[in-house]
$ cat model_9.pdb   # PDB, C-alpha atoms and all ligand atoms
ATOM      1  CA  MET A 222     106.170 -43.301-257.006
ATOM      2  CA  THR A 223     102.504 -43.114-258.021
ATOM      3  CA  ASP A 224     101.561 -39.705-259.350
ATOM      4  CA  ASN A 225      98.028 -39.913-258.127
ATOM      5  CA  ALA A 226      95.981 -37.119-256.653
ATOM      6  CA  ASN A 227      93.356 -39.744-255.772
ATOM      7  CA  THR A 228      95.539 -41.256-253.054
ATOM      8  CA  PRO A 229      93.588 -40.887-249.800
ATOM      9  CA  ILE A 230      95.570 -38.952-247.210
ATOM     10  CA  SER A 231      95.018 -38.452-243.490
ATOM     11  CA  VAL A 232      96.319 -35.354-241.735
ATOM     12  CA  VAL A 233      96.687 -35.499-237.960
ATOM     13  CA  GLY A 234      97.364 -32.203-236.203
ATOM     14  CA  LEU A 235      95.474 -29.172-237.486
ATOM     15  CA  GLY A 236      97.492 -26.318-236.094
ATOM     16  CA  LEU A 237      98.610 -23.529-238.419
ATOM     17  CA  MET A 238     100.780 -25.859-240.477
ATOM     18  CA  GLY A 239      98.622 -29.007-240.397
ATOM     19  CA  THR A 240      95.616 -26.996-241.595
ATOM     20  CA  ALA A 241      97.646 -25.662-244.537
ATOM     21  CA  LEU A 242      98.795 -29.208-245.393
ATOM     22  CA  ALA A 243      95.252 -30.610-245.291
ATOM     23  CA  ARG A 244      93.961 -27.712-247.381
ATOM     24  CA  ALA A 245      96.634 -28.303-250.033
ATOM     25  CA  PHE A 246      95.700 -32.001-250.281
ATOM     26  CA  LEU A 247      92.017 -31.102-250.612
ATOM     27  CA  LYS A 248      92.789 -28.522-253.273
ATOM     28  CA  ALA A 249      94.772 -31.087-255.264
ATOM     29  CA  GLY A 250      91.845 -33.516-255.142
ATOM     30  CA  HIS A 251      93.066 -36.033-252.545
ATOM     31  CA  PRO A 252      90.288 -37.591-250.463
ATOM     32  CA  THR A 253      91.409 -36.111-247.138
ATOM     33  CA  THR A 254      90.664 -37.311-243.618
ATOM     34  CA  VAL A 255      91.558 -35.019-240.725
ATOM     35  CA  TRP A 256      91.839 -35.323-236.972
ATOM     36  CA  ASN A 257      92.813 -32.843-234.279
ATOM     37  CA  ARG A 258      92.838 -33.038-230.481
ATOM     38  CA  THR A 259      90.716 -29.877-230.429
ATOM     39  CA  ALA A 260      88.073 -31.006-232.914
ATOM     40  CA  ALA A 261      86.721 -27.504-233.667
ATOM     41  CA  LYS A 262      89.902 -26.703-235.599
ATOM     42  CA  ALA A 263      88.683 -29.121-238.290
ATOM     43  CA  ASP A 264      85.466 -27.174-238.997
ATOM     44  CA  SER A 265      86.698 -25.087-241.928
ATOM     45  CA  LEU A 266      88.396 -28.089-243.547
ATOM     46  CA  VAL A 267      85.233 -30.172-243.199
ATOM     47  CA  ALA A 268      83.323 -27.340-244.889
ATOM     48  CA  GLU A 269      85.871 -27.570-247.710
ATOM     49  CA  GLY A 270      85.320 -31.322-248.141
ATOM     50  CA  ALA A 271      87.513 -33.088-245.580
ATOM     51  CA  ARG A 272      86.211 -36.042-243.598
ATOM     52  CA  LEU A 273      86.575 -35.654-239.828
ATOM     53  CA  ALA A 274      87.706 -38.903-238.195
ATOM     54  CA  PRO A 275      85.893 -39.473-234.891
ATOM     55  CA  THR A 276      88.988 -40.915-233.165
ATOM     56  CA  ILE A 277      92.720 -40.914-233.761
ATOM     57  CA  GLY A 278      92.461 -44.659-234.491
ATOM     58  CA  ASP A 279      89.961 -43.945-237.281
ATOM     59  CA  ALA A 280      92.205 -41.218-238.649
ATOM     60  CA  LEU A 281      95.123 -43.545-239.338
ATOM     61  CA  GLY A 282      94.921 -44.351-243.038
ATOM     62  CA  ALA A 283      97.288 -45.938-245.533
ATOM     63  CA  VAL A 284      99.169 -42.602-245.622
ATOM     64  CA  THR A 285      99.008 -40.477-242.475
ATOM     65  CA  ILE A 286     100.687 -37.095-242.254
ATOM     66  CA  LEU A 287     101.564 -36.014-238.707
ATOM     67  CA  CYS A 288     102.129 -32.356-237.911
ATOM     68  CA  LEU A 289     102.161 -31.787-234.170
ATOM     69  CA  THR A 290     104.021 -29.483-231.813
ATOM     70  CA  ASP A 291     106.899 -31.880-231.138
ATOM     71  CA  TYR A 292     107.924 -35.538-231.093
ATOM     72  CA  SER A 293     106.705 -36.139-227.545
ATOM     73  CA  ALA A 294     103.221 -35.092-228.675
ATOM     74  CA  VAL A 295     103.488 -37.662-231.490
ATOM     75  CA  ARG A 296     104.469 -40.458-229.098
ATOM     76  CA  GLU A 297     101.849 -39.411-226.541
ATOM     77  CA  LEU A 298      99.122 -39.356-229.173
ATOM     78  CA  LEU A 299      99.971 -42.561-231.028
ATOM     79  CA  GLY A 300     101.139 -44.571-228.033
ATOM     80  CA  ASP A 301      98.253 -47.048-228.049
ATOM     81  CA  ALA A 302      96.675 -46.407-231.431
ATOM     82  CA  GLY A 303      98.029 -49.482-233.290
ATOM     83  CA  LEU A 304     100.021 -48.718-236.413
ATOM     84  CA  ALA A 305     100.014 -51.827-238.621
ATOM     85  CA  GLY A 306      99.279 -51.063-242.275
ATOM     86  CA  THR A 307      99.952 -47.353-241.911
ATOM     87  CA  THR A 308     102.689 -45.275-243.453
ATOM     88  CA  LEU A 309     103.386 -42.381-241.128
ATOM     89  CA  VAL A 310     104.906 -39.265-242.646
ATOM     90  CA  ASN A 311     105.975 -37.241-239.638
ATOM     91  CA  LEU A 312     106.425 -33.584-240.596
ATOM     92  CA  THR A 313     106.765 -32.471-236.977
ATOM     93  CA  SER A 314     109.985 -30.524-236.275
ATOM     94  CA  GLY A 315     112.670 -32.103-234.126
ATOM     95  CA  ASP A 316     116.252 -33.320-234.129
ATOM     96  CA  SER A 317     117.812 -36.308-235.858
ATOM     97  CA  ALA A 318     117.976 -38.468-232.709
ATOM     98  CA  GLN A 319     114.242 -37.987-232.124
ATOM     99  CA  ALA A 320     113.555 -38.864-235.762
ATOM    100  CA  ARG A 321     115.621 -42.075-235.597
ATOM    101  CA  GLU A 322     114.082 -43.120-232.255
ATOM    102  CA  THR A 323     110.569 -42.442-233.539
ATOM    103  CA  ALA A 324     111.304 -44.417-236.720
ATOM    104  CA  ALA A 325     112.462 -47.417-234.684
ATOM    105  CA  TRP A 326     109.438 -47.160-232.369
ATOM    106  CA  ALA A 327     106.920 -46.846-235.249
ATOM    107  CA  GLU A 328     108.471 -49.716-237.205
ATOM    108  CA  LYS A 329     108.306 -51.926-234.110
ATOM    109  CA  GLN A 330     104.569 -51.266-234.108
ATOM    110  CA  GLY A 331     104.243 -52.348-237.720
ATOM    111  CA  ALA A 332     104.150 -48.934-239.400
ATOM    112  CA  ARG A 333     106.261 -47.751-242.283
ATOM    113  CA  TYR A 334     107.852 -44.506-241.120
ATOM    114  CA  VAL A 335     109.037 -41.574-243.212
ATOM    115  CA  ASP A 336     110.417 -38.560-241.390
ATOM    116  CA  GLY A 337     110.210 -35.068-242.787
ATOM    117  CA  ALA A 338     110.801 -31.399-242.250
ATOM    118  CA  ILE A 339     108.932 -28.441-243.672
ATOM    119  CA  MET A 340     111.066 -25.569-244.902
ATOM    120  CA  ALA A 341     108.198 -23.137-245.397
ATOM    121  CA  ILE A 342     105.557 -21.078-243.680
ATOM    122  CA  PRO A 343     101.900 -22.183-243.864
ATOM    123  CA  SER A 344     100.911 -19.676-246.587
ATOM    124  CA  ALA A 345     103.570 -21.134-248.937
ATOM    125  CA  ILE A 346     102.256 -24.701-248.684
ATOM    126  CA  GLY A 347     100.943 -25.861-252.041
ATOM    127  CA  THR A 348     103.420 -23.695-253.985
ATOM    128  CA  ALA A 349     106.805 -24.675-255.434
ATOM    129  CA  GLU A 350     108.520 -22.440-252.830
ATOM    130  CA  ALA A 351     107.493 -24.817-250.061
ATOM    131  CA  VAL A 352     110.311 -27.333-249.737
ATOM    132  CA  ILE A 353     109.450 -30.539-247.882
ATOM    133  CA  LEU A 354     112.421 -32.694-246.927
ATOM    134  CA  LEU A 355     111.813 -36.443-246.532
ATOM    135  CA  SER A 356     114.041 -39.281-245.329
ATOM    136  CA  GLY A 357     113.535 -42.930-244.424
ATOM    137  CA  PRO A 358     112.065 -45.505-246.819
ATOM    138  CA  ARG A 359     111.406 -43.844-250.184
ATOM    139  CA  PRO A 360     107.674 -42.972-250.356
ATOM    140  CA  ASP A 361     105.726 -44.804-253.054
ATOM    141  CA  PHE A 362     102.967 -42.191-253.044
ATOM    142  CA  GLU A 363     102.781 -38.628-254.272
ATOM    143  CA  LEU A 364     103.028 -35.667-251.901
ATOM    144  CA  GLY A 365     103.580 -33.068-254.625
ATOM    145  CA  ALA A 366     100.384 -31.248-253.576
ATOM    146  CA  LEU A 367     102.389 -29.779-250.693
ATOM    147  CA  GLY A 368     105.182 -28.192-252.722
ATOM    148  CA  THR A 369     108.663 -29.280-253.776
ATOM    149  CA  ILE A 370     109.461 -32.673-252.315
ATOM    150  CA  SER A 371     113.118 -33.459-251.701
ATOM    151  CA  TYR A 372     113.937 -37.066-250.769
ATOM    152  CA  LEU A 373     117.284 -37.248-248.950
ATOM    153  CA  GLY A 374     117.889 -40.953-248.368
ATOM    154  CA  GLU A 375     117.167 -43.983-246.174
ATOM    155  CA  ASP A 376     118.442 -42.580-242.853
ATOM    156  CA  PRO A 377     115.317 -41.213-241.109
ATOM    157  CA  GLY A 378     117.465 -38.640-239.268
ATOM    158  CA  LEU A 379     118.549 -36.856-242.449
ATOM    159  CA  ALA A 380     115.505 -34.621-242.914
ATOM    160  CA  SER A 381     115.849 -33.231-239.378
ATOM    161  CA  LEU A 382     119.600 -32.806-239.810
ATOM    162  CA  TYR A 383     119.110 -30.801-243.007
ATOM    163  CA  ASP A 384     116.366 -28.827-241.266
ATOM    164  CA  VAL A 385     118.645 -27.882-238.365
ATOM    165  CA  ALA A 386     121.535 -27.136-240.754
ATOM    166  CA  GLY A 387     119.218 -24.862-242.744
ATOM    167  CA  LEU A 388     118.041 -23.087-239.603
ATOM    168  CA  THR A 389     121.675 -22.556-238.568
ATOM    169  CA  MET A 390     122.312 -20.924-241.927
ATOM    170  CA  MET A 391     119.194 -18.792-241.697
ATOM    171  CA  TRP A 392     119.769 -17.454-238.185
ATOM    172  CA  SER A 393     123.503 -16.927-238.721
ATOM    173  CA  VAL A 394     122.830 -14.835-241.817
ATOM    174  CA  LEU A 395     120.098 -12.875-240.050
ATOM    175  CA  ASN A 396     122.306 -12.220-237.008
ATOM    176  CA  ALA A 397     125.140 -11.018-239.240
ATOM    177  CA  TRP A 398     122.711  -8.668-240.961
ATOM    178  CA  LEU A 399     121.413  -7.377-237.614
ATOM    179  CA  GLN A 400     125.004  -6.744-236.458
ATOM    180  CA  GLY A 401     125.733  -4.631-239.537
ATOM    181  CA  THR A 402     122.392  -2.864-239.236
ATOM    182  CA  ALA A 403     123.142  -1.920-235.602
ATOM    183  CA  MET A 404     126.549  -0.552-236.656
ATOM    184  CA  LEU A 405     125.146   1.496-239.530
ATOM    185  CA  LYS A 406     122.266   2.868-237.472
ATOM    186  CA  THR A 407     124.842   4.700-235.322
ATOM    187  CA  ALA A 408     125.657   6.726-238.462
ATOM    188  CA  GLY A 409     122.003   7.423-239.232
ATOM    189  CA  VAL A 410     121.704   4.752-241.950
ATOM    190  CA  ASP A 411     118.376   2.985-241.589
ATOM    191  CA  ALA A 412     117.813  -0.747-242.022
ATOM    192  CA  ALA A 413     116.029  -0.367-245.373
ATOM    193  CA  THR A 414     118.959   1.563-246.830
ATOM    194  CA  TYR A 415     121.486  -1.059-245.712
ATOM    195  CA  ALA A 416     119.363  -4.096-246.714
ATOM    196  CA  PRO A 417     120.143  -4.100-250.502
ATOM    197  CA  PHE A 418     123.899  -3.895-249.826
ATOM    198  CA  ALA A 419     123.638  -6.681-247.236
ATOM    199  CA  ARG A 420     121.698  -8.775-249.705
ATOM    200  CA  GLN A 421     124.396  -8.320-252.344
ATOM    201  CA  ILE A 422     127.076  -9.465-249.866
ATOM    202  CA  ALA A 423     125.027 -12.494-248.832
ATOM    203  CA  ALA A 424     124.496 -13.482-252.482
ATOM    204  CA  GLY A 425     128.220 -13.073-253.206
ATOM    205  CA  VAL A 426     129.149 -15.266-250.244
ATOM    206  CA  ALA A 427     126.584 -17.874-251.359
ATOM    207  CA  ASP A 428     128.478 -18.115-254.658
ATOM    208  CA  TRP A 429     131.636 -19.153-252.793
ATOM    209  CA  LEU A 430     130.013 -22.238-251.268
ATOM    210  CA  PRO A 431     130.639 -24.809-254.047
ATOM    211  CA  GLY A 432     134.381 -24.001-254.195
ATOM    212  CA  TYR A 433     134.724 -23.959-250.416
ATOM    213  CA  ALA A 434     132.779 -27.230-250.162
ATOM    214  CA  GLU A 435     135.267 -28.806-252.583
ATOM    215  CA  GLN A 436     138.151 -27.749-250.314
ATOM    216  CA  ILE A 437     136.400 -29.250-247.258
ATOM    217  CA  ASP A 438     135.638 -32.521-249.067
ATOM    218  CA  LYS A 439     139.257 -32.771-250.254
ATOM    219  CA  ASP A 440     140.537 -31.687-246.810
ATOM    220  CA  SER A 441     142.892 -29.311-248.592
ATOM    221  CA  PHE A 442     142.743 -25.539-248.083
ATOM    222  CA  PRO A 443     145.190 -23.677-250.313
ATOM    223  CA  ALA A 444     144.848 -19.886-249.873
ATOM    224  CA  GLU A 445     143.751 -19.113-253.430
ATOM    225  CA  VAL A 446     141.958 -15.875-252.545
ATOM    226  CA  SER A 447     142.902 -14.909-249.006
ATOM    227  CA  ALA A 448     144.733 -16.502-246.083
ATOM    228  CA  LEU A 449     142.997 -16.914-242.732
ATOM    229  CA  GLU A 450     145.491 -14.594-241.016
ATOM    230  CA  THR A 451     144.533 -11.842-243.491
ATOM    231  CA  ASP A 452     140.855 -12.481-242.743
ATOM    232  CA  ALA A 453     141.574 -12.325-238.999
ATOM    233  CA  ARG A 454     142.969  -8.777-239.363
ATOM    234  CA  ALA A 455     139.660  -7.699-240.936
ATOM    235  CA  MET A 456     137.822  -9.474-238.113
ATOM    236  CA  ALA A 457     139.725  -7.321-235.610
ATOM    237  CA  HIS A 458     138.252  -4.228-237.332
ATOM    238  CA  MET A 459     134.800  -5.733-236.913
ATOM    239  CA  VAL A 460     135.344  -6.184-233.152
ATOM    240  CA  GLU A 461     137.002  -2.780-232.649
ATOM    241  CA  GLU A 462     134.373  -0.935-234.661
ATOM    242  CA  SER A 463     131.519  -2.570-232.731
ATOM    243  CA  GLU A 464     133.109  -1.735-229.391
ATOM    244  CA  ALA A 465     133.898   1.844-230.415
ATOM    245  CA  LEU A 466     130.315   2.365-231.590
ATOM    246  CA  GLY A 467     128.883   0.902-228.402
ATOM    247  CA  VAL A 468     127.043  -1.891-230.204
ATOM    248  CA  ASN A 469     127.057  -5.518-229.117
ATOM    249  CA  ALA A 470     130.411  -7.137-229.996
ATOM    250  CA  GLU A 471     129.584 -10.740-228.960
ATOM    251  CA  LEU A 472     129.132 -12.053-232.498
ATOM    252  CA  PRO A 473     132.261 -10.368-233.961
ATOM    253  CA  LYS A 474     134.301 -11.651-230.983
ATOM    254  CA  LEU A 475     133.004 -15.193-231.458
ATOM    255  CA  ILE A 476     133.873 -15.108-235.168
ATOM    256  CA  LYS A 477     137.370 -13.809-234.427
ATOM    257  CA  ALA A 478     137.971 -16.234-231.539
ATOM    258  CA  MET A 479     137.341 -19.208-233.819
ATOM    259  CA  ALA A 480     139.726 -17.872-236.456
ATOM    260  CA  ASP A 481     142.347 -17.136-233.777
ATOM    261  CA  ARG A 482     142.162 -20.717-232.518
ATOM    262  CA  ALA A 483     142.649 -22.091-236.034
ATOM    263  CA  ILE A 484     145.614 -19.748-236.554
ATOM    264  CA  ALA A 485     147.108 -20.840-233.211
ATOM    265  CA  ALA A 486     146.741 -24.421-234.425
ATOM    266  CA  GLY A 487     148.896 -23.556-237.452
ATOM    267  CA  HIS A 488     146.256 -22.846-240.117
ATOM    268  CA  GLY A 489     146.856 -19.103-240.609
ATOM    269  CA  GLY A 490     148.245 -19.599-244.125
ATOM    270  CA  GLU A 491     145.268 -21.638-245.296
ATOM    271  CA  GLN A 492     141.912 -20.525-246.658
ATOM    272  CA  TYR A 493     138.797 -19.767-244.589
ATOM    273  CA  PRO A 494     136.994 -23.154-244.871
ATOM    274  CA  VAL A 495     139.831 -24.730-242.838
ATOM    275  CA  LEU A 496     137.721 -23.446-239.924
ATOM    276  CA  ILE A 497     135.548 -26.541-240.445
ATOM    277  CA  ARG A 498     137.918 -28.143-237.929
ATOM    278  CA  GLU A 499     136.718 -25.689-235.279
ATOM    279  CA  PHE A 500     133.112 -26.585-236.053
ATOM    280  CA  GLU A 501     133.716 -30.334-236.062
ATOM    281  CA  ARG A 502     134.684 -30.478-232.427
ATOM    282  CA  ALA A 503     132.719 -29.451-229.363
ATOM    283  CA  GLY A 504     133.938 -26.123-227.898
ATOM    284  CA  GLU A 505     135.999 -26.007-224.736
TER
HETATM  285  N1  LIG B 601     104.086 -22.749-238.525
HETATM  286  C1  LIG B 601     105.229 -22.680-239.166
HETATM  287  O1  LIG B 601     105.505 -21.730-239.878
HETATM  288  C2  LIG B 601     106.299 -23.738-239.018
HETATM  289  C3  LIG B 601     107.169 -23.907-240.240
HETATM  290  C4  LIG B 601     108.188 -24.991-240.170
HETATM  291  C5  LIG B 601     107.715 -26.246-239.488
HETATM  292  N2  LIG B 601     106.788 -26.058-238.431
HETATM  293  C6  LIG B 601     106.536 -27.201-237.566
HETATM  294  O2  LIG B 601     105.248 -27.769-237.776
HETATM  295  C7  LIG B 601     104.788 -28.336-236.549
HETATM  296  C8  LIG B 601     103.398 -27.762-236.221
HETATM  297  O3  LIG B 601     103.511 -26.354-236.192
HETATM  298  P1  LIG B 601     102.222 -25.427-236.147
HETATM  299  O4  LIG B 601     102.631 -24.066-236.543
HETATM  300  O5  LIG B 601     101.111 -26.059-236.903
HETATM  301  O6  LIG B 601     101.903 -25.454-234.581
HETATM  302  P2  LIG B 601     100.537 -25.187-233.815
HETATM  303  O7  LIG B 601      99.667 -24.267-234.575
HETATM  304  O8  LIG B 601     100.922 -24.810-232.440
HETATM  305  O9  LIG B 601      99.819 -26.620-233.800
HETATM  306  C9  LIG B 601     100.263 -27.678-232.990
HETATM  307  C10 LIG B 601      99.413 -28.904-233.236
HETATM  308  O10 LIG B 601      99.867 -29.986-232.388
HETATM  309  C11 LIG B 601      98.708 -30.511-231.662
HETATM  310  N3  LIG B 601      99.170 -31.100-230.420
HETATM  311  C12 LIG B 601     100.097 -30.644-229.573
HETATM  312  N4  LIG B 601     100.277 -31.491-228.553
HETATM  313  C13 LIG B 601      99.441 -32.531-228.751
HETATM  314  C14 LIG B 601      99.166 -33.743-228.056
HETATM  315  N5  LIG B 601      99.797 -34.062-226.923
HETATM  316  N6  LIG B 601      98.237 -34.586-228.570
HETATM  317  C15 LIG B 601      97.582 -34.289-229.709
HETATM  318  N7  LIG B 601      97.800 -33.148-230.436
HETATM  319  C16 LIG B 601      98.719 -32.285-229.960
HETATM  320  C17 LIG B 601      97.826 -29.299-231.498
HETATM  321  O11 LIG B 601      96.523 -29.737-231.152
HETATM  322  P3  LIG B 601      95.467 -28.706-230.484
HETATM  323  O12 LIG B 601      96.249 -27.875-229.461
HETATM  324  O13 LIG B 601      94.928 -27.881-231.596
HETATM  325  O14 LIG B 601      94.462 -29.563-229.835
HETATM  326  C18 LIG B 601      97.923 -28.664-232.888
HETATM  327  O15 LIG B 601      97.137 -29.373-233.805
HETATM  328  C19 LIG B 601     105.799 -27.988-235.460
HETATM  329  O16 LIG B 601     106.637 -29.084-235.232
HETATM  330  C20 LIG B 601     106.567 -26.836-236.091
HETATM  331  O17 LIG B 601     107.886 -26.691-235.600
HETATM  332  C21 LIG B 601     105.764 -25.057-238.509
END

$ encode --input "model_9.pdb" --output "structure tokens" --more "lines below"
Ligand code: FVH
Amino acid sequence: MTDNANTPISVVGLGLMGTALARAFLKAGHPTTVWNRTAAKADSLVAEGARLAPTIGDALGAVTILCLTDYSAVRELLGDAGLAGTTLVNLTSGDSAQARETAAWAEKQGARYVDGAIMAIPSAIGTAEAVILLSGPRPDFELGALGTISYLGEDPGLASLYDVAGLTMMWSVLNAWLQGTAMLKTAGVDAATYAPFARQIAAGVADWLPGYAEQIDKDSFPAEVSALETDARAMAHMVEESEALGVNAELPKLIKAMADRAIAAGHGGEQYPVLIREFERAGE
């Protein structure tokens, strides 16, 4: 990979995120070309030194970053543009099937195609906290101006898969926190008071992941700490408490139903990560 802030970069799509990406490239010294369907959104970047391409065809450079609403916008925009000689780095959010289809389509048109996912908000772009996931052919140019680049492998679907897996983690943790917050509010405990305790629990659970991952990868779940049937008894408290307090019990019931199914399938004496089997198959 060339560590070269002189590499010219094009950024197509100047919404909230695309503007932050273009600004980070400019700040790092990359000659930066920009294009947006609504041209006025390029004004501030042009004032900061970007070149505004008059057409999408002119915008396509050796390295072109795409950051549009979704994959259909990408296909709609680039449909007839001609892609030979371009490496597209598509940082638009989507799923792995869309990423693989778009890779095949772009390669058919002569482009090199790298898919990506941005795990950050616009204001974090350009800092180490901004994680950019990439997959597809390994880039031979430097994108470090954007943040921490993590290359995941040749399969162009991997970046989107990691993105969706990360979002699942994020929203599951947040929903669990909201459930506990709703329960505690009934006793007059406000969200700010509960938050540090919730954070401590989340950090403790995060520490279990490497050991649990080892059990999943070995497909062996000895109950070293607690058996699933013991966990299920605590889950019953979670359901009963929610119902008694008059707060929403959907999430506790879902958690318990999955454990109950695994126990019914004979896994009650094994450790929690045996539930992976419930996640690996589509629900009834
Ligand atoms: N903003 C964020 O925090 C998140 C963080 C994680 C990843 N995302 C993803 O980034 C993609 C873009 O998000 P965004 O926040 O920049 O979105 P908007 O501000 O709404 O900008 C959308 C741009 O897409 C252009 N566009 C849409 N459809 C078309 C089309 N058919 N042809 C050409 N351009 C199109 C739009 O153009 P315009 O409306 O300004 O003319 C904007 O440039 C997204 O995948 C997030 O999930 C951001």

$ residues_near_ligand --input "model_9.pdb" --ligand "ligand LIG 601 (chain B)" --cutoff "10 Å" --atoms "all atoms listed in the file" --output "JSON, numbers by chain"
{"A": [232, 233, 234, 235, 236, 237, 238, 239, 240, 241, 242, 256, 257, 258, 259, 260, 261, 262, 263, 277, 287, 288, 289, 290, 291, 292, 293, 294, 295, 296, 297, 298, 299, 311, 312, 313, 314, 315, 337, 338, 339, 340, 341, 342, 343, 344, 345, 346, 351, 353, 384]}

$ residues_around --input "model_9.pdb" --residues "range 358-363 of chain A" --least-positions-apart "2" --cutoff "12 Å" --atoms "all atoms listed in the file" --output "PyMOL selection string"
chain A and resi 222-230+246+249+251+283-285+308-310+324+328+332-337+354-356+365-379

$ atom_distance --input "model_9.pdb" --atom1 "CA of Trp392 in chain A" --atom2 "CA of Leu472 in chain A"
12.2 Å

$ resolve_selection --input "model_9.pdb" --expression "the PyMOL selection byres (((chain A and resi 449) around 10) and not hetatm)" --output "NGL selection string"
:A and (444 or 446-448 or 450-455 or 480-481 or 483-484 or 488-496)

$ atom_distance --input "model_9.pdb" --atom1 "CA of Ala419 in chain A" --atom2 "CA of Leu405 in chain A"
11.3 Å

$ atom_distance --input "model_9.pdb" --atom1 "CA of Ser463 in chain A" --atom2 "CA of Met404 in chain A"
6.6 Å

$ axis_aligned_box --input "model_9.pdb" --around "range 446-452 of chain A" --padding-each-side "3 Å" --output "lines of an AutoDock Vina configuration file"
center_x = 143.2
center_y = -14.4
center_z = -246.8
size_x = 10.6
size_y = 11.1
size_z = 17.5

$ resolve_selection --input "model_9.pdb" --expression "the PyMOL selection byres (((chain A and resi 398) around 12) and not hetatm)" --output "VMD selection string"
chain A and resid 391 to 397 399 to 405 412 to 413 415 to 423 472 to 473

$ write_last_selection --input "model_9.pdb" --atoms "C-alpha atoms" --output "PDB file, keeping the file's coordinate frame"
ATOM      1  CA  MET A 391     119.194 -18.792-241.697  1.00  0.00           C
ATOM      2  CA  TRP A 392     119.769 -17.454-238.185  1.00  0.00           C
ATOM      3  CA  SER A 393     123.503 -16.927-238.721  1.00  0.00           C
ATOM      4  CA  VAL A 394     122.830 -14.835-241.817  1.00  0.00           C
ATOM      5  CA  LEU A 395     120.098 -12.875-240.050  1.00  0.00           C
ATOM      6  CA  ASN A 396     122.306 -12.220-237.008  1.00  0.00           C
ATOM      7  CA  ALA A 397     125.140 -11.018-239.240  1.00  0.00           C
ATOM      8  CA  LEU A 399     121.413  -7.377-237.614  1.00  0.00           C
ATOM      9  CA  GLN A 400     125.004  -6.744-236.458  1.00  0.00           C
ATOM     10  CA  GLY A 401     125.733  -4.631-239.537  1.00  0.00           C
ATOM     11  CA  THR A 402     122.392  -2.864-239.236  1.00  0.00           C
ATOM     12  CA  ALA A 403     123.142  -1.920-235.602  1.00  0.00           C
ATOM     13  CA  MET A 404     126.549  -0.552-236.656  1.00  0.00           C
ATOM     14  CA  LEU A 405     125.146   1.496-239.530  1.00  0.00           C
ATOM     15  CA  ALA A 412     117.813  -0.747-242.022  1.00  0.00           C
ATOM     16  CA  ALA A 413     116.029  -0.367-245.373  1.00  0.00           C
ATOM     17  CA  TYR A 415     121.486  -1.059-245.712  1.00  0.00           C
ATOM     18  CA  ALA A 416     119.363  -4.096-246.714  1.00  0.00           C
ATOM     19  CA  PRO A 417     120.143  -4.100-250.502  1.00  0.00           C
ATOM     20  CA  PHE A 418     123.899  -3.895-249.826  1.00  0.00           C
ATOM     21  CA  ALA A 419     123.638  -6.681-247.236  1.00  0.00           C
ATOM     22  CA  ARG A 420     121.698  -8.775-249.705  1.00  0.00           C
ATOM     23  CA  GLN A 421     124.396  -8.320-252.344  1.00  0.00           C
ATOM     24  CA  ILE A 422     127.076  -9.465-249.866  1.00  0.00           C
ATOM     25  CA  ALA A 423     125.027 -12.494-248.832  1.00  0.00           C
ATOM     26  CA  LEU A 472     129.132 -12.053-232.498  1.00  0.00           C
ATOM     27  CA  PRO A 473     132.261 -10.368-233.961  1.00  0.00           C
TER      28      PRO A 473
END

$ resolve_selection --input "model_9.pdb" --expression "the PyMOL selection byres (((chain A and resi 269) around 12) and not hetatm)" --output "list of chain:residue names"
A:Thr240, A:Ala243, A:Arg244, A:Ala245, A:Phe246, A:Leu247, A:Lys248, A:Gly250, A:Pro252, A:Thr253, A:Thr254, A:Val255, A:Ala263, A:Asp264, A:Ser265, A:Leu266, A:Val267, A:Ala268, A:Gly270, A:Ala271, A:Arg272, A:Leu273

$ build_atoms --input "model_9.pdb" --residues "range 272-280 of chain A" --atoms "N, CA and C atoms" --output "PDB file, in the coordinates of the input"
ATOM      1  N   ARG A 272      86.987 -35.178-244.500  1.00  0.00           N
ATOM      2  CA  ARG A 272      86.211 -36.042-243.598  1.00  0.00           C
ATOM      3  C   ARG A 272      86.842 -35.961-242.225  1.00  0.00           C
ATOM      4  N   LEU A 273      86.048 -35.710-241.188  1.00  0.00           N
ATOM      5  CA  LEU A 273      86.575 -35.654-239.828  1.00  0.00           C
ATOM      6  C   LEU A 273      86.517 -37.050-239.216  1.00  0.00           C
ATOM      7  N   ALA A 274      87.678 -37.583-238.848  1.00  0.00           N
ATOM      8  CA  ALA A 274      87.706 -38.903-238.195  1.00  0.00           C
ATOM      9  C   ALA A 274      87.251 -38.725-236.747  1.00  0.00           C
ATOM     10  N   PRO A 275      86.388 -39.634-236.264  1.00  0.00           N
ATOM     11  CA  PRO A 275      85.893 -39.473-234.891  1.00  0.00           C
ATOM     12  C   PRO A 275      86.957 -39.745-233.835  1.00  0.00           C
ATOM     13  N   THR A 276      87.929 -40.603-234.143  1.00  0.00           N
ATOM     14  CA  THR A 276      88.988 -40.915-233.165  1.00  0.00           C
ATOM     15  C   THR A 276      90.320 -40.927-233.897  1.00  0.00           C
ATOM     16  N   ILE A 277      91.394 -40.853-233.138  1.00  0.00           N
ATOM     17  CA  ILE A 277      92.720 -40.914-233.761  1.00  0.00           C
ATOM     18  C   ILE A 277      92.906 -42.262-234.467  1.00  0.00           C
ATOM     19  N   GLY A 278      92.352 -43.335-233.860  1.00  0.00           N
ATOM     20  CA  GLY A 278      92.461 -44.659-234.491  1.00  0.00           C
ATOM     21  C   GLY A 278      91.805 -44.668-235.865  1.00  0.00           C
ATOM     22  N   ASP A 279      90.660 -44.014-235.985  1.00  0.00           N
ATOM     23  CA  ASP A 279      89.961 -43.945-237.281  1.00  0.00           C
ATOM     24  C   ASP A 279      90.712 -43.069-238.278  1.00  0.00           C
ATOM     25  N   ALA A 280      91.498 -42.143-237.747  1.00  0.00           N
ATOM     26  CA  ALA A 280      92.205 -41.218-238.649  1.00  0.00           C
ATOM     27  C   ALA A 280      93.371 -41.890-239.355  1.00  0.00           C
TER      28      ALA A 280
END
